[in-house]
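What follows is one structure encoded as structure tokens, with my remarks underneath.
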Amino acid sequence: MISYLRNNEIDRKRWDACLMEISAAKPYAMSWYLDIVSPGWEALVDNDYYAVFPLPCRKKFGISYIATPLFLQQLGLFTADGDRKRMAEEFISFMPGFFRLVDLCIGQEVSVPGYSLTPKFNYELKLDDTYEKVWVSYMTDCRRNINIARRYPQEIVEDPVPEELISLFLTHTARRAGVTGKSSYVSLRALMEHCISAGLGRILGVRSPKGKLLWGMFVIETPGRTTMLFTAGSRKSRELRTSYLVIDYLIRSYAGTGQVIDFAGSSIPSIAIFMRSFGGEKTTYWRLYRNSLPWPVKLLK
């Protein structure tokens with residue numbers, strides 16, 4: 001039986017226990033993650049937390065809606081067993097009708113009347129093999145760029161702080177990414193601070209000889225999965241191929257462990273090609289959409 005739970009009705013201990021039963025589960029649905037990036041989130045829960053479906057809900061102008069927050073790639077149904085596609089369709093059909101707009105990225109390909117579905121893509125690299133075997137699986141251009149990066153004295157450090165990484169992104173990338181307001185990064189800063197203090201993540205980077213951060217990457221490290229959530233780099237780092245060097249370092253550190261490196265996806269073709277160059281497997285997730293807003297509010301969406 002599916003139940004709809006408000007935020008204060010969710011048993012976070014049982015919620016997270018459900019997720020921990022899933023091998024290499026993505027971190028996005030963990031209660032602490034949702035509390036940071038989607039305060040007030042609600043949920044659908046089945047059979048004593050056997051299966052869960054987070055609802056990152058909001059309200060604007062008195063209208064309740066669901067939307068995928070920034071820095072959260074995908075949600076959907078989470079369960080250790082069962083027919084996930086069928087169960088996801090049941091949960092979506094049960095979703096309360098007062099959510100007049102649903103724009104949610106999910107991990108299941110579903111078919112539910114009234115909803116449209118659009119594919120989105122990610123790359124994941126499962127590190128069962130030795131580093132030597134993984135290196136051979138890199139695309140030729142990737143190996144070439146790593147070798148170029150190794151010609152320069154670039155020391156990989158783990159001392160960058162969240163504000164430093166965000167500032168680097170705002171200076172060099174935010175305008176091209178279309179997210180320039182500093183308020184957009186409040187939850188990201190809080191997420192990085194929480195993960196670092198709880199031992200669930202770290203920031204890897206390379207500095208200039210004068211100590212200025214040239215390139216940095218925030219990764220979330222959960223059992224079985226390392227998620228490359230956020231990167232930022234300067235023009236100089238592109239010349240030095242720094243991103244290739246640091247990601248290769250991360251992959252080498254996990255080679256042979258079975259850990260999954262999750263590149264966290266991108267709709268920008270050049271970034272997708274970059275992620276693919278490390279030999280990962282292309283995976284698909286889905287944008288679920290339904291707009292039942294009243295006219296003319298629907299036109300404003």
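Chain labels A, B, ... are given in the sequence in which chains occur in the structure tokens; within each chain residues are numbered consecutively from 1, and ligands are likewise numbered from 1 in the order shown.
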Using only C-alpha atoms, tabulate the residues of range 156-220 of chain A lying at most 9 Å from any atom of range 68-84 of chain A, each with its closest atom pair and that distance in Å to one decimal, by chain and increasing residue number, as a Markdown table.
| residue | atom | partner | partner_atom | distance |
| --- | --- | --- | --- | --- |
| A:Ser184 | CA | A:Leu70 | CA | 7.8 |
| A:Tyr185 | CA | A:Leu70 | CA | 8.7 |
| A:Ser187 | CA | A:Phe71 | CA | 8.5 |
| A:Leu188 | CA | A:Phe71 | CA | 7.0 |
Q | Distance query Met139 in chain A at most 12 Å, only C-alpha atoms, self and fewer than 2 positions along chain excluded, as a VMD selection string | A | chain A and resid 134 to 137 141 to 146 244 273 to 280
Same residues, all heavy atoms, output as a short mmCIF file (atom, residue, chain, number, x, y, z; two decimals), in the first residue's frame:
data_model
loop_
_atom_site.label_atom_id
_atom_site.label_comp_id
_atom_site.auth_asym_id
_atom_site.auth_seq_id
_atom_site.Cartn_x
_atom_site.Cartn_y
_atom_site.Cartn_z
N VAL A 134 41.98 -0.36 -17.13
CA VAL A 134 41.11 0.81 -17.28
C VAL A 134 41.76 1.82 -18.23
O VAL A 134 41.09 2.42 -19.09
CB VAL A 134 40.82 1.46 -15.92
CG1 VAL A 134 40.01 2.74 -16.09
CG2 VAL A 134 40.07 0.49 -15.02
N TRP A 135 43.07 2.01 -18.09
CA TRP A 135 43.80 2.96 -18.95
C TRP A 135 43.62 2.61 -20.43
O TRP A 135 43.40 3.48 -21.26
CB TRP A 135 45.28 2.95 -18.58
CG TRP A 135 46.17 3.69 -19.53
CD1 TRP A 135 46.90 3.16 -20.55
CD2 TRP A 135 46.42 5.10 -19.54
NE1 TRP A 135 47.60 4.15 -21.21
CE2 TRP A 135 47.32 5.35 -20.62
CE3 TRP A 135 45.99 6.16 -18.77
CZ2 TRP A 135 47.78 6.62 -20.92
CZ3 TRP A 135 46.45 7.44 -19.07
CH2 TRP A 135 47.34 7.67 -20.13
N VAL A 136 43.68 1.33 -20.76
CA VAL A 136 43.52 0.90 -22.15
C VAL A 136 42.11 1.22 -22.66
O VAL A 136 41.91 1.48 -23.85
CB VAL A 136 43.81 -0.61 -22.28
CG1 VAL A 136 43.49 -1.12 -23.67
CG2 VAL A 136 45.27 -0.90 -21.94
N SER A 137 41.11 1.24 -21.75
CA SER A 137 39.73 1.51 -22.16
C SER A 137 39.47 3.00 -22.41
O SER A 137 38.44 3.36 -22.98
CB SER A 137 38.75 1.00 -21.11
OG SER A 137 38.77 1.82 -19.94
N ASP A 141 42.18 10.14 -27.43
CA ASP A 141 42.34 11.56 -27.09
C ASP A 141 42.46 11.76 -25.59
O ASP A 141 43.18 12.66 -25.13
CB ASP A 141 41.16 12.37 -27.63
CG ASP A 141 41.26 12.62 -29.12
OD1 ASP A 141 42.34 12.35 -29.70
OD2 ASP A 141 40.27 13.08 -29.72
N CYS A 142 41.76 10.95 -24.82
CA CYS A 142 41.82 11.06 -23.36
C CYS A 142 43.23 10.72 -22.87
O CYS A 142 43.81 11.47 -22.07
CB CYS A 142 40.79 10.12 -22.74
SG CYS A 142 40.73 10.19 -20.93
N ARG A 143 43.79 9.62 -23.34
CA ARG A 143 45.15 9.24 -22.93
C ARG A 143 46.15 10.31 -23.35
O ARG A 143 47.09 10.63 -22.60
CB ARG A 143 45.52 7.88 -23.52
CG ARG A 143 44.70 6.72 -22.97
CD ARG A 143 45.37 5.39 -23.28
NE ARG A 143 45.47 5.15 -24.71
CZ ARG A 143 44.56 4.52 -25.44
NH1 ARG A 143 43.45 4.06 -24.86
NH2 ARG A 143 44.74 4.33 -26.75
N ARG A 144 45.96 10.86 -24.54
CA ARG A 144 46.86 11.90 -25.03
C ARG A 144 46.81 13.13 -24.12
O ARG A 144 47.85 13.69 -23.75
CB ARG A 144 46.48 12.29 -26.46
CG ARG A 144 47.42 13.35 -27.05
CD ARG A 144 46.98 13.78 -28.44
NE ARG A 144 46.97 12.66 -29.38
CZ ARG A 144 45.89 12.18 -29.97
NH1 ARG A 144 44.70 12.71 -29.71
NH2 ARG A 144 45.97 11.17 -30.82
N ASN A 145 45.61 13.54 -23.73
CA ASN A 145 45.48 14.71 -22.87
C ASN A 145 46.04 14.47 -21.47
O ASN A 145 46.63 15.38 -20.87
CB ASN A 145 44.01 15.12 -22.77
CG ASN A 145 43.54 15.88 -24.00
OD1 ASN A 145 44.16 16.85 -24.40
ND2 ASN A 145 42.44 15.45 -24.60
N ILE A 146 45.91 13.27 -20.96
CA ILE A 146 46.50 12.95 -19.66
C ILE A 146 48.02 13.03 -19.75
O ILE A 146 48.70 13.58 -18.86
CB ILE A 146 46.05 11.56 -19.18
CG1 ILE A 146 44.55 11.56 -18.87
CG2 ILE A 146 46.84 11.13 -17.94
CD1 ILE A 146 43.97 10.18 -18.66
N TYR A 244 41.64 16.31 -16.96
CA TYR A 244 41.99 14.93 -17.30
C TYR A 244 42.90 14.33 -16.23
O TYR A 244 42.75 13.16 -15.84
CB TYR A 244 42.69 14.89 -18.66
CG TYR A 244 41.78 15.14 -19.83
CD1 TYR A 244 41.62 16.43 -20.35
CD2 TYR A 244 41.08 14.10 -20.43
CE1 TYR A 244 40.78 16.66 -21.44
CE2 TYR A 244 40.25 14.33 -21.52
CZ TYR A 244 40.10 15.61 -22.02
OH TYR A 244 39.28 15.85 -23.09
N ILE A 273 31.06 14.39 -24.37
CA ILE A 273 32.18 13.74 -25.06
C ILE A 273 33.36 13.57 -24.11
O ILE A 273 34.03 12.53 -24.10
CB ILE A 273 32.59 14.58 -26.29
CG1 ILE A 273 31.48 14.53 -27.35
CG2 ILE A 273 33.91 14.08 -26.87
CD1 ILE A 273 31.69 15.48 -28.51
N PHE A 274 33.61 14.59 -23.29
CA PHE A 274 34.69 14.52 -22.30
C PHE A 274 34.46 13.36 -21.34
O PHE A 274 35.37 12.56 -21.07
CB PHE A 274 34.77 15.85 -21.55
CG PHE A 274 35.63 15.82 -20.32
CD1 PHE A 274 37.01 15.81 -20.43
CD2 PHE A 274 35.06 15.81 -19.05
CE1 PHE A 274 37.81 15.78 -19.29
CE2 PHE A 274 35.84 15.79 -17.92
CZ PHE A 274 37.23 15.77 -18.04
N MET A 275 33.24 13.23 -20.82
CA MET A 275 32.93 12.17 -19.87
C MET A 275 33.06 10.80 -20.53
O MET A 275 33.58 9.84 -19.94
CB MET A 275 31.53 12.36 -19.29
CG MET A 275 31.37 13.60 -18.44
SD MET A 275 29.76 13.71 -17.64
CE MET A 275 28.67 13.86 -19.06
N ARG A 276 32.60 10.68 -21.75
CA ARG A 276 32.65 9.42 -22.47
C ARG A 276 34.08 8.97 -22.73
O ARG A 276 34.37 7.78 -22.82
CB ARG A 276 31.91 9.58 -23.80
CG ARG A 276 31.77 8.28 -24.61
CD ARG A 276 31.02 8.55 -25.90
NE ARG A 276 31.79 9.41 -26.79
CZ ARG A 276 31.29 10.02 -27.86
NH1 ARG A 276 30.00 9.92 -28.14
NH2 ARG A 276 32.07 10.76 -28.63
N SER A 277 35.01 9.92 -22.81
CA SER A 277 36.38 9.60 -23.19
C SER A 277 37.09 8.72 -22.15
O SER A 277 38.11 8.10 -22.46
CB SER A 277 37.19 10.89 -23.42
OG SER A 277 37.44 11.57 -22.20
N PHE A 278 36.55 8.64 -20.91
CA PHE A 278 37.17 7.82 -19.88
C PHE A 278 36.68 6.37 -19.91
O PHE A 278 37.01 5.58 -19.02
CB PHE A 278 36.92 8.43 -18.50
CG PHE A 278 37.74 9.67 -18.25
CD1 PHE A 278 37.23 10.93 -18.58
CD2 PHE A 278 39.02 9.59 -17.73
CE1 PHE A 278 37.99 12.08 -18.36
CE2 PHE A 278 39.78 10.74 -17.51
CZ PHE A 278 39.26 11.99 -17.84
N GLY A 279 35.91 6.03 -20.94
CA GLY A 279 35.53 4.63 -21.14
C GLY A 279 34.33 4.18 -20.35
O GLY A 279 34.08 2.96 -20.24
N GLY A 280 33.56 5.11 -19.82
CA GLY A 280 32.38 4.74 -19.05
C GLY A 280 31.24 4.26 -19.91
O GLY A 280 31.23 4.41 -21.13
#
Q. Using only C-alpha atoms, which residues sit within 7 Å of Leu168 in chain A once same-chain residues fewer than 4 positions away are excluded, as a list in words?
A. Glu164, His172, Ala232 and Gly233 of chain A
Q: Extract the full set of strand (DSSP E) residues from range 153-229 of chain A according to DSSP on the backbone, and format it as a list in words.
A: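 Strand (DSSP E) members of range 153-229 of chain A, listed: Ile156, Val157, Gly201, Arg202, Ile203, Leu204, Gly205, Val206, Arg207, Leu213, Leu214, Trp215, Gly216, Met217, Phe218, Val219, Ile220, Glu221, Thr222, Arg225, Thr226, Thr227, Met228 and Leu229 of chain A.
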Q. Can you tell me, as a PyMOL selection string, what residues are no more than 8 Å from Ile156 in chain A when counting only C-alpha atoms, ignoring any on the same chain fewer than 4 positions away?
A. chain A and resi 204-207+246
Q: Check the smallest atom-to-atom distance from each of A:Glu90, A:Glu193, A:Glu9, A:Asp128 to Tyr254 in chain A using only C-alpha atoms, then report the winner.
A: A:Asp128
Q) Restricting the calculation to only C-alpha atoms, which member of A:Ser234, A:Ser38, A:Asn47, A:Thr140 is positioned closest to Lys212 in chain A? A)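 Nearest to Lys212 in chain A: A:Ser234.
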(Q) I need the helix (DSSP H, G or I) residues of range 34-263 of chain A per DSSP on the backbone, written as a ChimeraX atom specification. (A) /A:34-37,84-94,131-137,140-149,162-172,174-177,182-197,235-240,242-254
Q.
Need the shell around range 200-203 of chain A: protein/DNA/RNA residues with any atom at most 7 Å away, counting only C-alpha atoms. Skip same-chain ones fewer than 2 positions apart. Format as number ranges by chain?
A. A: 158, 160, 195-196, 198, 205, 216-222
Next, write the just-selected residues to a file, as a CSV table (one decimal), in the first residue's frame, keeping all heavy atoms as the atom set.
chain,number,residue,atom,x,y,z
A,158,GLU,N,43.9,18.4,-1.7
A,158,GLU,CA,42.5,18.2,-1.2
A,158,GLU,C,42.2,19.3,-0.2
A,158,GLU,O,41.3,19.1,0.7
A,158,GLU,CB,42.4,16.8,-0.6
A,158,GLU,CG,42.5,15.7,-1.6
A,158,GLU,CD,42.2,14.3,-1.0
A,158,GLU,OE1,41.4,14.3,0.0
A,158,GLU,OE2,42.6,13.3,-1.6
A,160,PRO,N,41.1,22.6,-1.1
A,160,PRO,CA,40.2,23.7,-1.4
A,160,PRO,C,39.0,23.7,-0.6
A,160,PRO,O,38.5,22.6,-0.2
A,160,PRO,CB,39.9,23.4,-2.9
A,160,PRO,CG,41.0,22.6,-3.4
A,160,PRO,CD,41.5,21.8,-2.2
A,195,CYS,N,29.0,17.2,3.5
A,195,CYS,CA,29.6,15.9,3.1
A,195,CYS,C,31.1,15.9,3.6
A,195,CYS,O,31.5,14.8,4.0
A,195,CYS,CB,29.6,15.9,1.6
A,195,CYS,SG,28.0,15.5,0.9
A,196,ILE,N,31.8,17.0,3.5
A,196,ILE,CA,33.1,17.1,4.0
A,196,ILE,C,33.2,16.8,5.5
A,196,ILE,O,34.1,16.0,6.0
A,196,ILE,CB,33.8,18.4,3.6
A,196,ILE,CG1,33.9,18.5,2.1
A,196,ILE,CG2,35.2,18.6,4.3
A,196,ILE,CD1,34.3,19.9,1.6
A,198,ALA,N,31.1,15.2,7.3
A,198,ALA,CA,30.6,13.8,7.6
A,198,ALA,C,31.4,12.7,7.0
A,198,ALA,O,31.1,11.5,7.2
A,198,ALA,CB,29.2,13.7,7.2
A,205,GLY,N,41.7,19.3,-6.2
A,205,GLY,CA,42.0,20.4,-7.0
A,205,GLY,C,43.5,20.5,-7.3
A,205,GLY,O,44.3,19.7,-6.8
A,216,GLY,N,39.0,22.5,-9.9
A,216,GLY,CA,38.6,21.8,-8.7
A,216,GLY,C,37.4,20.9,-9.0
A,216,GLY,O,36.6,21.2,-9.9
A,217,MET,N,37.2,19.9,-8.1
A,217,MET,CA,36.1,19.0,-8.3
A,217,MET,C,35.6,18.5,-7.0
A,217,MET,O,36.4,18.1,-6.1
A,217,MET,CB,36.5,17.8,-9.2
A,217,MET,CG,35.5,16.7,-9.3
A,217,MET,SD,36.0,15.3,-10.4
A,217,MET,CE,37.5,14.7,-9.5
A,218,PHE,N,34.3,18.6,-6.8
A,218,PHE,CA,33.6,18.1,-5.5
A,218,PHE,C,33.0,16.8,-5.8
A,218,PHE,O,32.2,16.6,-6.8
A,218,PHE,CB,32.6,19.1,-5.1
A,218,PHE,CG,31.7,18.5,-4.0
A,218,PHE,CD1,32.2,18.1,-2.8
A,218,PHE,CD2,30.3,18.4,-4.1
A,218,PHE,CE1,31.4,17.6,-1.8
A,218,PHE,CE2,29.5,17.9,-3.2
A,218,PHE,CZ,30.0,17.5,-2.0
A,219,VAL,N,33.4,15.7,-5.1
A,219,VAL,CA,32.9,14.4,-5.3
A,219,VAL,C,32.2,14.0,-4.0
A,219,VAL,O,32.6,14.3,-2.9
A,219,VAL,CB,34.0,13.4,-5.6
A,219,VAL,CG1,34.6,13.7,-7.0
A,219,VAL,CG2,35.0,13.3,-4.6
A,220,ILE,N,31.1,13.3,-4.1
A,220,ILE,CA,30.4,12.6,-3.0
A,220,ILE,C,30.7,11.2,-3.0
A,220,ILE,O,30.6,10.5,-4.1
A,220,ILE,CB,28.8,12.8,-3.1
A,220,ILE,CG1,28.5,14.3,-3.1
A,220,ILE,CG2,28.1,12.1,-2.0
A,220,ILE,CD1,27.0,14.6,-3.2
A,221,GLU,N,31.2,10.6,-1.9
A,221,GLU,CA,31.6,9.3,-1.8
A,221,GLU,C,30.7,8.5,-0.8
A,221,GLU,O,30.8,8.7,0.4
A,221,GLU,CB,33.1,9.2,-1.3
A,221,GLU,CG,34.0,9.9,-2.4
A,221,GLU,CD,35.4,10.1,-1.9
A,221,GLU,OE1,35.6,10.7,-0.8
A,221,GLU,OE2,36.4,9.7,-2.6
A,222,THR,N,29.9,7.6,-1.4
A,222,THR,CA,29.0,6.8,-0.7
A,222,THR,C,29.3,5.3,-1.0
A,222,THR,O,30.0,5.1,-2.0
A,222,THR,CB,27.5,7.1,-1.0
A,222,THR,OG1,27.4,7.1,-2.5
A,222,THR,CG2,27.1,8.4,-0.5
Q: Excluding range 285-293 of chain A and any residue of its chain fewer than 3 positions from it, enumerate the residues within 8 Å of it, using only C-alpha atoms, and give them as JSON, numbers by chain.
A: {"A": [74, 100, 101, 102, 103, 104, 105, 106, 107, 108, 109, 114, 115, 116, 117, 118, 119, 120, 121, 122, 297, 298]}
Q. Mind pulling up the distance from CA of Val45 in chain A to CA of Cys57 in chain A?
A.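 Pair CA of Cys57 in chain A / CA of Val45 in chain A returns 15.4 Å.
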(Q) I want to know what sits within 9 Å of Glu89 in chain A, based on only C-alpha atoms, with residues of the same chain fewer than 4 positions away left out; could you give that as a list of chain:residue names? (A)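 The residues that qualify are A:Arg84, A:Lys85, A:Ser93, A:Phe94, A:Gln108, A:Val110, A:Ser111, A:Val112.
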Give me a file of those residues, with N, CA and C atoms, as a CSV table (one decimal), in the first residue's frame.
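Everything below was put into selection_15.csv:
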chain,number,residue,atom,x,y,z
A,84,ARG,N,10.9,-2.5,-10.9
A,84,ARG,CA,11.0,-1.0,-10.7
A,84,ARG,C,10.2,-0.2,-11.7
A,85,LYS,N,10.1,-0.6,-12.9
A,85,LYS,CA,9.3,0.1,-13.9
A,85,LYS,C,7.8,0.1,-13.5
A,93,SER,N,1.3,7.3,-10.6
A,93,SER,CA,-0.2,7.3,-10.8
A,93,SER,C,-0.9,7.7,-9.4
A,94,PHE,N,-0.2,7.4,-8.3
A,94,PHE,CA,-0.7,7.7,-7.0
A,94,PHE,C,-0.4,9.1,-6.6
A,108,GLN,N,13.6,5.7,-14.0
A,108,GLN,CA,12.9,4.6,-14.6
A,108,GLN,C,12.2,5.1,-15.9
A,110,VAL,N,9.1,5.0,-17.8
A,110,VAL,CA,7.7,4.7,-17.5
A,110,VAL,C,6.7,5.1,-18.6
A,111,SER,N,5.5,4.6,-18.5
A,111,SER,CA,4.4,5.0,-19.4
A,111,SER,C,3.2,5.3,-18.5
A,112,VAL,N,2.9,6.5,-18.2
A,112,VAL,CA,1.8,6.9,-17.4
A,112,VAL,C,1.0,7.9,-18.1
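Closest approach to Arg235 in chain A among A:Gly265, A:Asn7, A:Gly97, A:Thr171 is made by A:Thr171 (distances from only C-alpha atoms).
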Q) Nearest to Pro294 in chain A among A:Ala149, A:Trp41, A:Phe99, A:Tyr138, with distances taken over only C-alpha atoms: which residue is it? A)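 Smallest distance to Pro294 in chain A is found for A:Phe99.
With CA of Trp32 in chain A on one side and CA of Trp15 in chain A on the other, the separation reads 10.5 Å.
Ranking A:Glu132, A:Asp16, A:Glu239, A:Asp248 by their shortest atom-to-atom distance to Ile148 in chain A, with only C-alpha atoms included, puts A:Glu239 first.
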**Q.** Atom-to-atom span, CA of Tyr4 in chain A and CA of Ala43 in chain A, Å
**A.**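 Atom-to-atom, CA of Tyr4 in chain A and CA of Ala43 in chain A are spaced 5.9 Å apart.
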